[in-house]
file run_5.txt (compact mmCIF, C-alpha atoms)
# COMPACT_ATOMS: atom_id res chain seq x y z
CA MET A 1 20.84 -36.78 14.35
CA CYS A 2 19.19 -37.39 17.68
CA ARG A 3 18.86 -39.95 20.48
CA LEU A 4 15.78 -41.96 21.40
CA LEU A 5 14.77 -43.74 24.59
CA GLY A 6 11.44 -45.49 25.14
CA TRP A 7 9.91 -47.68 27.83
CA ALA A 8 6.81 -49.68 28.63
CA ALA A 9 6.07 -51.22 32.03
CA ARG A 10 3.57 -53.44 33.82
CA ARG A 11 3.13 -50.75 36.47
CA PRO A 12 3.81 -47.02 36.18
CA MET A 13 7.55 -46.40 36.31
CA THR A 14 9.78 -43.38 35.84
CA VAL A 15 12.45 -43.35 33.16
CA ALA A 16 15.06 -43.71 35.92
CA ASP A 17 13.30 -46.76 37.34
CA ALA A 18 12.82 -48.46 33.98
CA LEU A 19 16.29 -47.75 32.60
CA GLY A 20 18.39 -47.48 35.76
CA ARG A 21 19.89 -44.32 37.23
CA ALA A 22 23.42 -44.97 36.01
CA GLU A 23 22.14 -45.68 32.50
CA LEU A 24 19.95 -42.57 32.59
CA ALA A 25 23.00 -40.51 33.52
CA GLY A 26 24.80 -41.97 30.50
CA PHE A 27 21.87 -41.18 28.22
CA THR A 28 21.52 -37.65 29.60
CA ALA A 29 25.22 -37.01 28.99
CA LEU A 30 24.58 -37.53 25.27
CA SER A 31 22.64 -34.25 25.29
CA ARG A 32 25.94 -32.37 25.52
CA GLN A 33 26.26 -33.27 21.85
CA HIS A 34 22.55 -33.60 21.04
CA ALA A 35 22.02 -30.22 22.63
CA ASP A 36 19.22 -28.65 20.58
CA GLY A 37 16.46 -29.47 23.04
CA TRP A 38 14.54 -32.42 24.37
CA GLY A 39 11.03 -33.75 24.60
CA MET A 40 9.11 -36.44 26.43
CA ALA A 41 5.75 -38.11 25.79
CA TRP A 42 4.13 -40.47 28.26
CA TRP A 43 0.89 -42.11 29.32
CA PRO A 44 0.10 -41.31 32.95
CA PRO A 45 -1.42 -44.06 35.10
CA GLU A 46 -4.84 -45.36 34.07
CA VAL A 47 -5.18 -43.14 30.99
CA ARG A 48 -6.37 -45.26 28.07
CA SER A 49 -8.54 -42.95 26.03
CA ILE A 50 -8.44 -40.96 22.83
CA ALA A 51 -6.98 -38.02 24.74
CA PRO A 52 -3.40 -37.07 23.81
CA PRO A 53 -0.53 -38.43 25.89
CA LEU A 54 1.18 -35.96 28.17
CA VAL A 55 4.00 -34.14 26.37
CA GLU A 56 6.68 -31.71 27.44
CA ARG A 57 9.33 -30.05 25.23
CA SER A 58 12.25 -27.68 25.67
CA THR A 59 14.85 -26.09 23.41
CA THR A 60 17.38 -26.28 26.27
CA CYS A 61 20.09 -28.93 26.48
CA ALA A 62 18.64 -31.73 28.63
CA ALA A 63 21.73 -31.95 30.83
CA ASP A 64 21.29 -28.28 31.76
CA ASP A 65 17.54 -28.35 32.28
CA PRO A 66 16.25 -29.12 35.81
CA ARG A 67 12.86 -29.98 34.34
CA PHE A 68 14.37 -32.87 32.37
CA ALA A 69 15.91 -34.29 35.55
CA GLU A 70 12.61 -33.81 37.38
CA LEU A 71 10.45 -35.53 34.78
CA THR A 72 12.73 -38.49 34.18
CA THR A 73 12.87 -39.24 37.91
CA SER A 74 9.30 -38.38 39.00
CA ALA A 75 6.83 -38.79 36.11
CA ALA A 76 5.58 -42.37 36.35
CA ALA A 77 4.05 -43.93 33.25
CA ASP A 78 3.33 -47.35 31.81
CA ALA A 79 4.61 -46.24 28.39
CA GLY A 80 6.51 -43.30 27.00
CA PHE A 81 9.64 -42.02 25.27
CA VAL A 82 12.31 -39.33 25.48
CA HIS A 83 13.99 -37.55 22.55
CA LEU A 84 17.27 -35.60 22.54
CA ARG A 85 17.48 -33.32 19.52
CA TRP A 86 20.50 -32.54 17.36
CA ALA A 87 18.91 -30.32 14.75
CA THR A 88 19.45 -30.94 11.05
CA PRO A 89 21.41 -27.99 9.61
CA GLY A 90 19.01 -25.39 8.27
CA LEU A 91 16.14 -26.29 10.61
CA PRO A 92 15.70 -23.72 13.39
CA VAL A 93 15.82 -24.65 17.05
CA ILE A 94 12.34 -23.49 18.04
CA ALA A 95 9.52 -25.02 20.05
CA ALA A 96 7.48 -25.89 16.96
CA ASN A 97 10.35 -28.02 15.62
CA THR A 98 11.00 -29.81 18.91
CA HIS A 99 9.95 -33.44 19.16
CA PRO A 100 7.62 -35.12 20.09
CA PHE A 101 4.98 -34.20 17.56
CA VAL A 102 1.40 -34.99 18.53
CA HIS A 103 -1.75 -35.80 16.61
CA ARG A 104 -4.80 -36.64 18.68
CA SER A 105 -3.86 -39.72 20.76
CA MET A 106 -0.43 -40.27 19.16
CA ALA A 107 3.05 -38.88 19.77
CA PHE A 108 6.10 -39.29 17.53
CA ALA A 109 9.85 -38.61 17.57
CA HIS A 110 12.44 -39.24 14.84
CA ASN A 111 16.22 -39.70 14.67
CA GLY A 112 17.71 -38.98 11.27
CA ALA A 113 17.29 -36.72 8.28
CA ILE A 114 15.43 -36.91 5.00
CA HIS A 115 17.07 -35.23 2.03
CA PRO A 116 16.49 -33.06 0.16
CA ILE A 117 14.49 -31.31 2.85
CA ASP A 118 12.72 -29.07 0.35
CA ARG A 119 11.12 -32.17 -1.18
CA THR A 120 9.75 -33.57 2.08
CA ALA A 121 6.58 -31.52 1.54
CA GLU A 122 5.75 -34.16 -1.08
CA LEU A 123 5.18 -36.65 1.75
CA VAL A 124 2.20 -34.74 3.13
CA PRO A 125 -1.10 -35.56 1.35
CA THR A 126 -3.30 -32.77 0.07
CA GLY A 127 -5.43 -31.40 2.88
CA TRP A 128 -3.02 -32.40 5.64
CA GLU A 129 -0.74 -29.37 5.46
CA SER A 130 -2.75 -27.62 8.19
CA GLN A 131 -1.71 -30.34 10.64
CA LEU A 132 1.92 -29.16 10.52
CA ALA A 133 3.12 -26.94 13.36
CA GLY A 134 6.77 -26.61 12.32
CA THR A 135 9.12 -26.99 9.37
CA THR A 136 10.90 -30.29 10.00
CA ASP A 137 11.21 -33.33 7.79
CA SER A 138 10.42 -35.37 10.93
CA GLU A 139 6.96 -33.86 11.41
CA ARG A 140 6.14 -34.39 7.74
CA TYR A 141 7.22 -38.03 8.09
CA PHE A 142 4.84 -38.35 11.06
CA VAL A 143 1.89 -36.67 9.34
CA SER A 144 2.34 -38.92 6.30
CA ILE A 145 1.94 -41.95 8.59
CA VAL A 146 -1.06 -40.43 10.38
CA ALA A 147 -2.78 -39.75 7.06
CA ARG A 148 -2.52 -43.42 6.13
CA LEU A 149 -3.79 -44.48 9.55
CA SER A 150 -6.82 -42.24 9.02
CA GLN A 151 -7.61 -44.30 5.91
CA GLY A 152 -7.82 -47.50 7.93
CA GLU A 153 -4.32 -48.88 7.62
CA THR A 154 -2.70 -50.52 10.62
CA VAL A 155 0.41 -48.99 12.16
CA ALA A 156 2.53 -51.74 10.61
CA GLN A 157 1.03 -51.13 7.15
CA ALA A 158 1.30 -47.33 7.32
CA VAL A 159 4.86 -47.31 8.64
CA ALA A 160 6.11 -49.89 6.14
CA ALA A 161 4.50 -48.06 3.23
CA MET A 162 6.05 -44.72 4.17
CA VAL A 163 9.48 -46.18 4.93
CA ARG A 164 9.55 -47.83 1.50
CA ARG A 165 8.33 -44.68 -0.23
CA ILE A 166 10.90 -42.43 1.45
CA PHE A 167 13.78 -44.79 0.67
CA ASP A 168 12.57 -45.16 -2.92
CA ASP A 169 11.86 -41.49 -3.67
CA LEU A 170 14.12 -39.50 -1.36
CA SER A 171 17.48 -39.91 0.37
CA PRO A 172 17.17 -40.49 4.12
CA THR A 173 20.02 -41.13 6.48
CA SER A 174 17.69 -42.73 9.02
CA LEU A 175 13.97 -43.08 9.63
CA ASN A 176 14.41 -44.43 13.15
CA ALA A 177 11.45 -43.28 15.23
CA MET A 178 9.16 -43.96 18.16
CA LEU A 179 5.38 -43.78 17.86
CA LEU A 180 3.31 -43.85 21.04
CA THR A 181 -0.34 -44.87 20.65
CA PRO A 182 -2.97 -45.71 23.28
CA ASP A 183 -2.30 -49.43 22.94
CA ALA A 184 1.44 -49.72 22.26
CA LEU A 185 4.88 -48.22 21.85
CA HIS A 186 6.04 -48.75 18.26
CA VAL A 187 9.76 -48.50 17.44
CA ILE A 188 10.97 -48.05 13.86
CA SER A 189 14.48 -49.20 12.97
CA ALA A 190 15.17 -48.11 9.39
CA TYR A 191 18.43 -46.54 8.30
CA ASP A 192 21.01 -46.47 5.51
CA PRO A 193 24.20 -48.16 6.81
CA SER A 194 26.23 -46.35 4.15
CA ARG A 195 25.23 -42.94 5.52
CA VAL A 196 26.23 -43.20 9.16
CA PRO A 197 28.34 -40.31 10.52
CA MET A 198 32.08 -40.48 11.01
CA MET A 199 33.35 -41.32 14.49
CA GLY A 200 34.65 -37.78 14.96
CA GLU A 201 31.27 -36.28 14.12
CA SER A 202 29.21 -38.76 16.13
CA SER A 203 31.32 -38.17 19.22
CA GLY A 204 30.91 -34.41 19.06
CA GLY A 205 34.54 -33.95 18.15
CA ALA A 206 35.83 -36.06 21.04
CA SER A 207 37.40 -38.39 18.48
CA PHE A 208 39.53 -37.51 15.47
CA SER A 209 38.69 -40.76 13.71
CA THR A 210 37.29 -40.54 10.21
CA GLN A 211 36.06 -44.13 10.34
CA PRO A 212 32.27 -44.56 10.10
CA ASP A 213 30.39 -45.01 13.36
CA THR A 214 28.56 -48.13 12.24
CA SER A 215 26.55 -48.40 15.46
CA PHE A 216 25.27 -44.81 15.45
CA TYR A 217 21.77 -45.60 14.19
CA GLU A 218 21.46 -48.95 15.93
CA LEU A 219 18.60 -49.42 18.39
CA SER A 220 18.71 -51.98 21.18
CA TYR A 221 16.13 -53.19 23.65
CA ARG A 222 16.04 -54.93 27.00
CA ALA A 223 13.04 -56.86 28.34
CA ASP A 224 12.45 -58.28 31.80
CA ALA A 225 9.44 -59.21 33.90
CA THR A 226 8.53 -55.60 34.71
CA SER A 227 9.50 -53.47 31.70
CA VAL A 228 10.81 -53.19 28.16
CA VAL A 229 13.30 -50.43 27.36
CA VAL A 230 14.48 -49.39 23.88
CA ALA A 231 17.35 -46.97 23.24
CA SER A 232 19.70 -45.48 20.70
CA SER A 233 23.41 -46.20 21.00
CA GLY A 234 25.84 -44.00 22.90
CA PHE A 235 25.84 -45.42 26.42
CA PRO A 236 26.70 -48.97 27.59
CA GLN A 237 24.15 -51.60 26.56
CA PRO A 238 25.93 -54.92 27.26
CA GLU A 239 24.42 -58.19 26.12
CA GLY A 240 25.17 -59.53 29.58
CA ASP A 241 22.56 -57.15 30.97
CA GLY A 242 19.94 -58.41 28.54
CA TRP A 243 20.32 -55.85 25.75
CA ARG A 244 19.81 -57.07 22.20
CA ARG A 245 19.91 -55.19 18.92
CA LEU A 246 16.79 -54.46 16.92
CA ALA A 247 17.44 -55.42 13.31
CA ASN A 248 17.52 -52.74 10.64
CA MET A 249 14.30 -52.36 8.58
CA THR A 250 12.20 -53.71 11.43
CA LEU A 251 9.18 -52.45 13.35
CA LEU A 252 9.00 -53.42 17.03
CA ARG A 253 5.63 -53.27 18.78
CA ILE A 254 5.47 -53.32 22.60
CA ASP A 255 1.96 -53.87 23.90
CA ARG A 256 0.96 -51.40 26.59
CA GLY A 257 0.19 -53.29 29.75
CA THR A 258 1.05 -56.85 28.74
CA LEU A 259 4.53 -55.95 27.43
CA ALA A 260 4.11 -58.54 24.66
CA THR A 261 6.60 -57.75 21.88
CA SER A 262 6.36 -58.50 18.19
CA THR A 263 8.43 -57.50 15.17
CA SER A 264 7.56 -57.11 11.51
CA SER A 265 9.61 -56.42 8.42
CA LEU A 266 9.52 -52.99 6.80
CA THR A 267 10.61 -54.35 3.42
CA ASP A 268 7.95 -57.00 2.71

call {"tool": "encode", "arguments": {"input": "run_5.txt", "output": "structure tokens"}}
result
Amino acid sequence: MCRLLGWAARRPMTVADALGRAELAGFTALSRQHADGWGMAWWPPEVRSIAPPLVERSTTCAADDPRFAELTTSAAADAGFVHLRWATPGLPVIAANTHPFVHRSMAFAHNGAIHPIDRTAELVPTGWESQLAGTTDSERYFVSIVARLSQGETVAQAVAAMVRRIFDDLSPTSLNAMLLTPDALHVISAYDPSRVPMMGESSGGASFSTQPDTSFYELSYRADATSVVVASSGFPQPEGDGWRRLANMTLLRIDRGTLATSTSSLTD
């Protein structure tokens, strides 16, 4: 279980500028629970090539890492995302397992788990195993999408096909993810509402409630004239400030530069 935060902007903006400093403080505080490292991927100004986006990762809790504070307040980009990791039990906290994962000009981060983990190798097509750097279900999910893209499928086609396959053949809690490509930020909202954590677990033990945290896997986004921001739950996202929920089993595409947004179903 992890936290995701993505942004796209008409002009290069830092995470703090796009989200707001108070909101960034609220998001960063979530790393006290999601404390198994962090990563950030972003497109620096004027870079629109097949080169990889800039990426930085750490296995340190974001709230304790000066580099996280530095990047989120100084690295300006017109598109990017941040990931706070809460490692799935059994997966080691090492650099190779830290999101984002990168393949050529794409970066990817995932929030959720795919069970049983020992069967997630089935997702990776023959010949693509060498593209794996770590041992996570998340990276295998990413490589399975990349393999379909290499065959000529669109992002929407590849993501929908893999989401349907994983829900049909395996047992995921959530396939929520962010995929950064040279032309857009793509946000996947796909989770099993019956498998959300209990309130006590999702709050890091701050609550003793055994009621399900029904909003845990929800993603919300806020669009204005200068930027679009998408984030996991856990810090205030009031409708009065323009936040609206992204429906489950939906792919959101935010065009890099124009900020045009479009959604497509992951079940059709």

call {"tool": "residues_around", "arguments": {"input": "run_5.txt", "residues": "Glu129 in chain A", "least_positions_apart": "6", "cutoff": "9 Å", "atoms": "all atoms listed in the file", "output": "PyMOL selection string"}}
result
chain A and resi 121+140+143

call {"tool": "atom_distance", "arguments": {"input": "run_5.txt", "atom1": "CA of Arg256 in chain A", "atom2": "CA of Thr181 in chain A"}}
result
8.9 Å

call {"tool": "residues_around", "arguments": {"input": "run_5.txt", "residues": "Leu180 in chain A", "least_positions_apart": "5", "cutoff": "9 Å", "atoms": "only C-alpha atoms", "output": "VMD selection string"}}
result
chain A and resid 41 to 43 53 79 to 81 105 to 108 185 to 187

call {"tool": "write_last_selection", "arguments": {"input": "run_5.txt", "atoms": "C-alpha atoms", "output": "PDB file, in the coordinates of the input"}}
result
ATOM      1  CA  ALA A  41       5.750 -38.110  25.790  1.00  0.00           C
ATOM      2  CA  TRP A  42       4.130 -40.470  28.260  1.00  0.00           C
ATOM      3  CA  TRP A  43       0.890 -42.110  29.320  1.00  0.00           C
ATOM      4  CA  PRO A  53      -0.530 -38.430  25.890  1.00  0.00           C
ATOM      5  CA  ALA A  79       4.610 -46.240  28.390  1.00  0.00           C
ATOM      6  CA  GLY A  80       6.510 -43.300  27.000  1.00  0.00           C
ATOM      7  CA  PHE A  81       9.640 -42.020  25.270  1.00  0.00           C
ATOM      8  CA  SER A 105      -3.860 -39.720  20.760  1.00  0.00           C
ATOM      9  CA  MET A 106      -0.430 -40.270  19.160  1.00  0.00           C
ATOM     10  CA  ALA A 107       3.050 -38.880  19.770  1.00  0.00           C
ATOM     11  CA  PHE A 108       6.100 -39.290  17.530  1.00  0.00           C
ATOM     12  CA  LEU A 185       4.880 -48.220  21.850  1.00  0.00           C
ATOM     13  CA  HIS A 186       6.040 -48.750  18.260  1.00  0.00           C
ATOM     14  CA  VAL A 187       9.760 -48.500  17.440  1.00  0.00           C
TER      15      VAL A 187
END

call {"tool": "residues_near_point", "arguments": {"input": "run_5.txt", "point": "(22.7, -33.7, 24.0)", "cutoff": "8 Å", "atoms": "all atoms listed in the file", "output": "ChimeraX atom specification"}}
result
/A:28-37,61-63,84-86

call {"tool": "closest_residue", "arguments": {"input": "run_5.txt", "among": "A:His115, A:Arg148, A:Arg253, A:Arg222", "to": "Ile188 in chain A", "atoms": "only C-alpha atoms"}}
result
A:Arg253

call {"tool": "closest_residue", "arguments": {"input": "run_5.txt", "among": "A:Ser138, A:Ser215, A:Asn176, A:Thr250", "to": "Gln237 in chain A", "atoms": "only C-alpha atoms"}}
result
A:Ser215

call {"tool": "atom_distance", "arguments": {"input": "run_5.txt", "atom1": "CA of Thr120 in chain A", "atom2": "CA of Tyr141 in chain A"}}
result
7.9 Å

call {"tool": "closest_residue", "arguments": {"input": "run_5.txt", "among": "A:Thr267, A:Gln211, A:Ser194, A:Ser189", "to": "Leu246 in chain A", "atoms": "all atoms listed in the file"}}
result
A:Ser189

call {"tool": "atom_distance", "arguments": {"input": "run_5.txt", "atom1": "CA of Arg10 in chain A", "atom2": "CA of Ala25 in chain A"}}
result
23.3 Å

call {"tool": "closest_residue", "arguments": {"input": "run_5.txt", "among": "A:Ala76, A:Ala109, A:Leu219, A:Ala247", "to": "Met178 in chain A", "atoms": "all atoms listed in the file"}}
result
A:Ala109

call {"tool": "residues_around", "arguments": {"input": "run_5.txt", "residues": "Asp224 in chain A", "least_positions_apart": "2", "cutoff": "10 Å", "atoms": "only C-alpha atoms", "output": "PyMOL selection string"}}
result
chain A and resi 9+222+226-229+242+259

call {"tool": "write_last_selection", "arguments": {"input": "run_5.txt", "atoms": "C-alpha atoms", "output": "short mmCIF file (atom, residue, chain, number, x, y, z; two decimals), in the coordinates of the input"}}
result
data_model
loop_
_atom_site.label_atom_id
_atom_site.label_comp_id
_atom_site.auth_asym_id
_atom_site.auth_seq_id
_atom_site.Cartn_x
_atom_site.Cartn_y
_atom_site.Cartn_z
CA ALA A 9 6.07 -51.22 32.03
CA ARG A 222 16.04 -54.93 27.00
CA THR A 226 8.53 -55.60 34.71
CA SER A 227 9.50 -53.47 31.70
CA VAL A 228 10.81 -53.19 28.16
CA VAL A 229 13.30 -50.43 27.36
CA GLY A 242 19.94 -58.41 28.54
CA LEU A 259 4.53 -55.95 27.43
#

call {"tool": "decode", "arguments": {"input": "run_5.txt", "residues": "range 59-85 of chain A", "atoms": "N, CA, C and O atoms", "output": "short mmCIF file (atom, residue, chain, number, x, y, z; two decimals), in the first residue's frame"}}
result
data_model
loop_
_atom_site.label_atom_id
_atom_site.label_comp_id
_atom_site.auth_asym_id
_atom_site.auth_seq_id
_atom_site.Cartn_x
_atom_site.Cartn_y
_atom_site.Cartn_z
N THR A 59 15.38 4.79 -0.30
CA THR A 59 14.73 3.85 0.61
C THR A 59 14.49 4.47 1.98
O THR A 59 14.06 3.80 2.91
N THR A 60 14.74 5.77 2.10
CA THR A 60 14.52 6.51 3.35
C THR A 60 13.11 7.07 3.40
O THR A 60 12.54 7.43 2.37
N CYS A 61 12.53 7.14 4.57
CA CYS A 61 11.24 7.79 4.75
C CYS A 61 11.32 9.21 4.21
O CYS A 61 12.23 9.98 4.55
N ALA A 62 10.34 9.60 3.38
CA ALA A 62 10.38 10.91 2.73
C ALA A 62 10.42 12.05 3.74
O ALA A 62 11.11 13.06 3.53
N ALA A 63 9.69 11.93 4.84
CA ALA A 63 9.65 12.99 5.83
C ALA A 63 11.00 13.21 6.50
O ALA A 63 11.24 14.28 7.08
N ASP A 64 11.87 12.22 6.44
CA ASP A 64 13.18 12.31 7.08
C ASP A 64 14.31 12.59 6.09
O ASP A 64 15.47 12.66 6.48
N ASP A 65 13.96 12.73 4.82
CA ASP A 65 14.98 12.84 3.78
C ASP A 65 15.04 14.27 3.24
O ASP A 65 14.11 14.72 2.56
N PRO A 66 16.12 15.01 3.50
CA PRO A 66 16.23 16.38 2.98
C PRO A 66 16.13 16.45 1.47
O PRO A 66 15.68 17.47 0.93
N ARG A 67 16.53 15.40 0.78
CA ARG A 67 16.48 15.41 -0.68
C ARG A 67 15.04 15.43 -1.17
O ARG A 67 14.74 16.07 -2.20
N PHE A 68 14.13 14.77 -0.47
CA PHE A 68 12.72 14.81 -0.85
C PHE A 68 12.20 16.24 -0.74
O PHE A 68 11.54 16.75 -1.65
N ALA A 69 12.50 16.90 0.37
CA ALA A 69 12.06 18.29 0.56
C ALA A 69 12.67 19.19 -0.51
O ALA A 69 12.00 20.09 -1.04
N GLU A 70 13.92 18.93 -0.87
CA GLU A 70 14.58 19.77 -1.87
C GLU A 70 13.94 19.60 -3.24
O GLU A 70 13.63 20.59 -3.93
N LEU A 71 13.73 18.37 -3.66
CA LEU A 71 13.18 18.12 -4.98
C LEU A 71 11.76 18.65 -5.13
O LEU A 71 11.40 19.25 -6.14
N THR A 72 10.93 18.41 -4.13
CA THR A 72 9.53 18.80 -4.24
C THR A 72 9.32 20.31 -4.17
O THR A 72 8.24 20.80 -4.50
N THR A 73 10.36 21.04 -3.78
CA THR A 73 10.24 22.50 -3.72
C THR A 73 11.14 23.22 -4.71
O THR A 73 11.06 24.45 -4.82
N SER A 74 11.98 22.47 -5.46
CA SER A 74 12.92 23.15 -6.37
C SER A 74 12.94 22.58 -7.78
O SER A 74 13.35 23.28 -8.71
N ALA A 75 12.55 21.32 -7.96
CA ALA A 75 12.61 20.70 -9.28
C ALA A 75 11.35 21.05 -10.07
O ALA A 75 10.27 20.50 -9.83
N ALA A 76 11.47 21.97 -11.00
CA ALA A 76 10.33 22.41 -11.81
C ALA A 76 10.14 21.49 -13.00
O ALA A 76 11.11 21.12 -13.67
N ALA A 77 8.89 21.15 -13.28
CA ALA A 77 8.58 20.25 -14.38
C ALA A 77 7.18 20.53 -14.89
O ALA A 77 6.34 21.05 -14.15
N ASP A 78 6.93 20.20 -16.16
CA ASP A 78 5.57 20.36 -16.66
C ASP A 78 4.76 19.08 -16.51
O ASP A 78 3.57 19.07 -16.78
N ALA A 79 5.38 18.01 -16.03
CA ALA A 79 4.65 16.78 -15.71
C ALA A 79 5.54 15.88 -14.87
O ALA A 79 6.76 15.83 -15.08
N GLY A 80 4.93 15.19 -13.92
CA GLY A 80 5.69 14.28 -13.09
C GLY A 80 4.83 13.64 -12.03
O GLY A 80 3.63 13.91 -11.93
N PHE A 81 5.44 12.77 -11.22
CA PHE A 81 4.71 12.17 -10.10
C PHE A 81 5.67 11.81 -8.98
O PHE A 81 6.88 11.70 -9.17
N VAL A 82 5.08 11.63 -7.79
CA VAL A 82 5.81 11.23 -6.58
C VAL A 82 5.14 9.98 -6.03
O VAL A 82 3.91 9.85 -6.07
N HIS A 83 5.94 9.07 -5.49
CA HIS A 83 5.43 7.82 -4.91
C HIS A 83 6.01 7.65 -3.52
O HIS A 83 7.22 7.81 -3.31
N LEU A 84 5.15 7.35 -2.54
CA LEU A 84 5.57 6.98 -1.19
C LEU A 84 5.32 5.49 -1.03
O LEU A 84 4.20 5.04 -1.21
N ARG A 85 6.35 4.74 -0.68
CA ARG A 85 6.22 3.28 -0.65
C ARG A 85 5.94 2.75 0.74
O ARG A 85 6.58 3.13 1.72
#
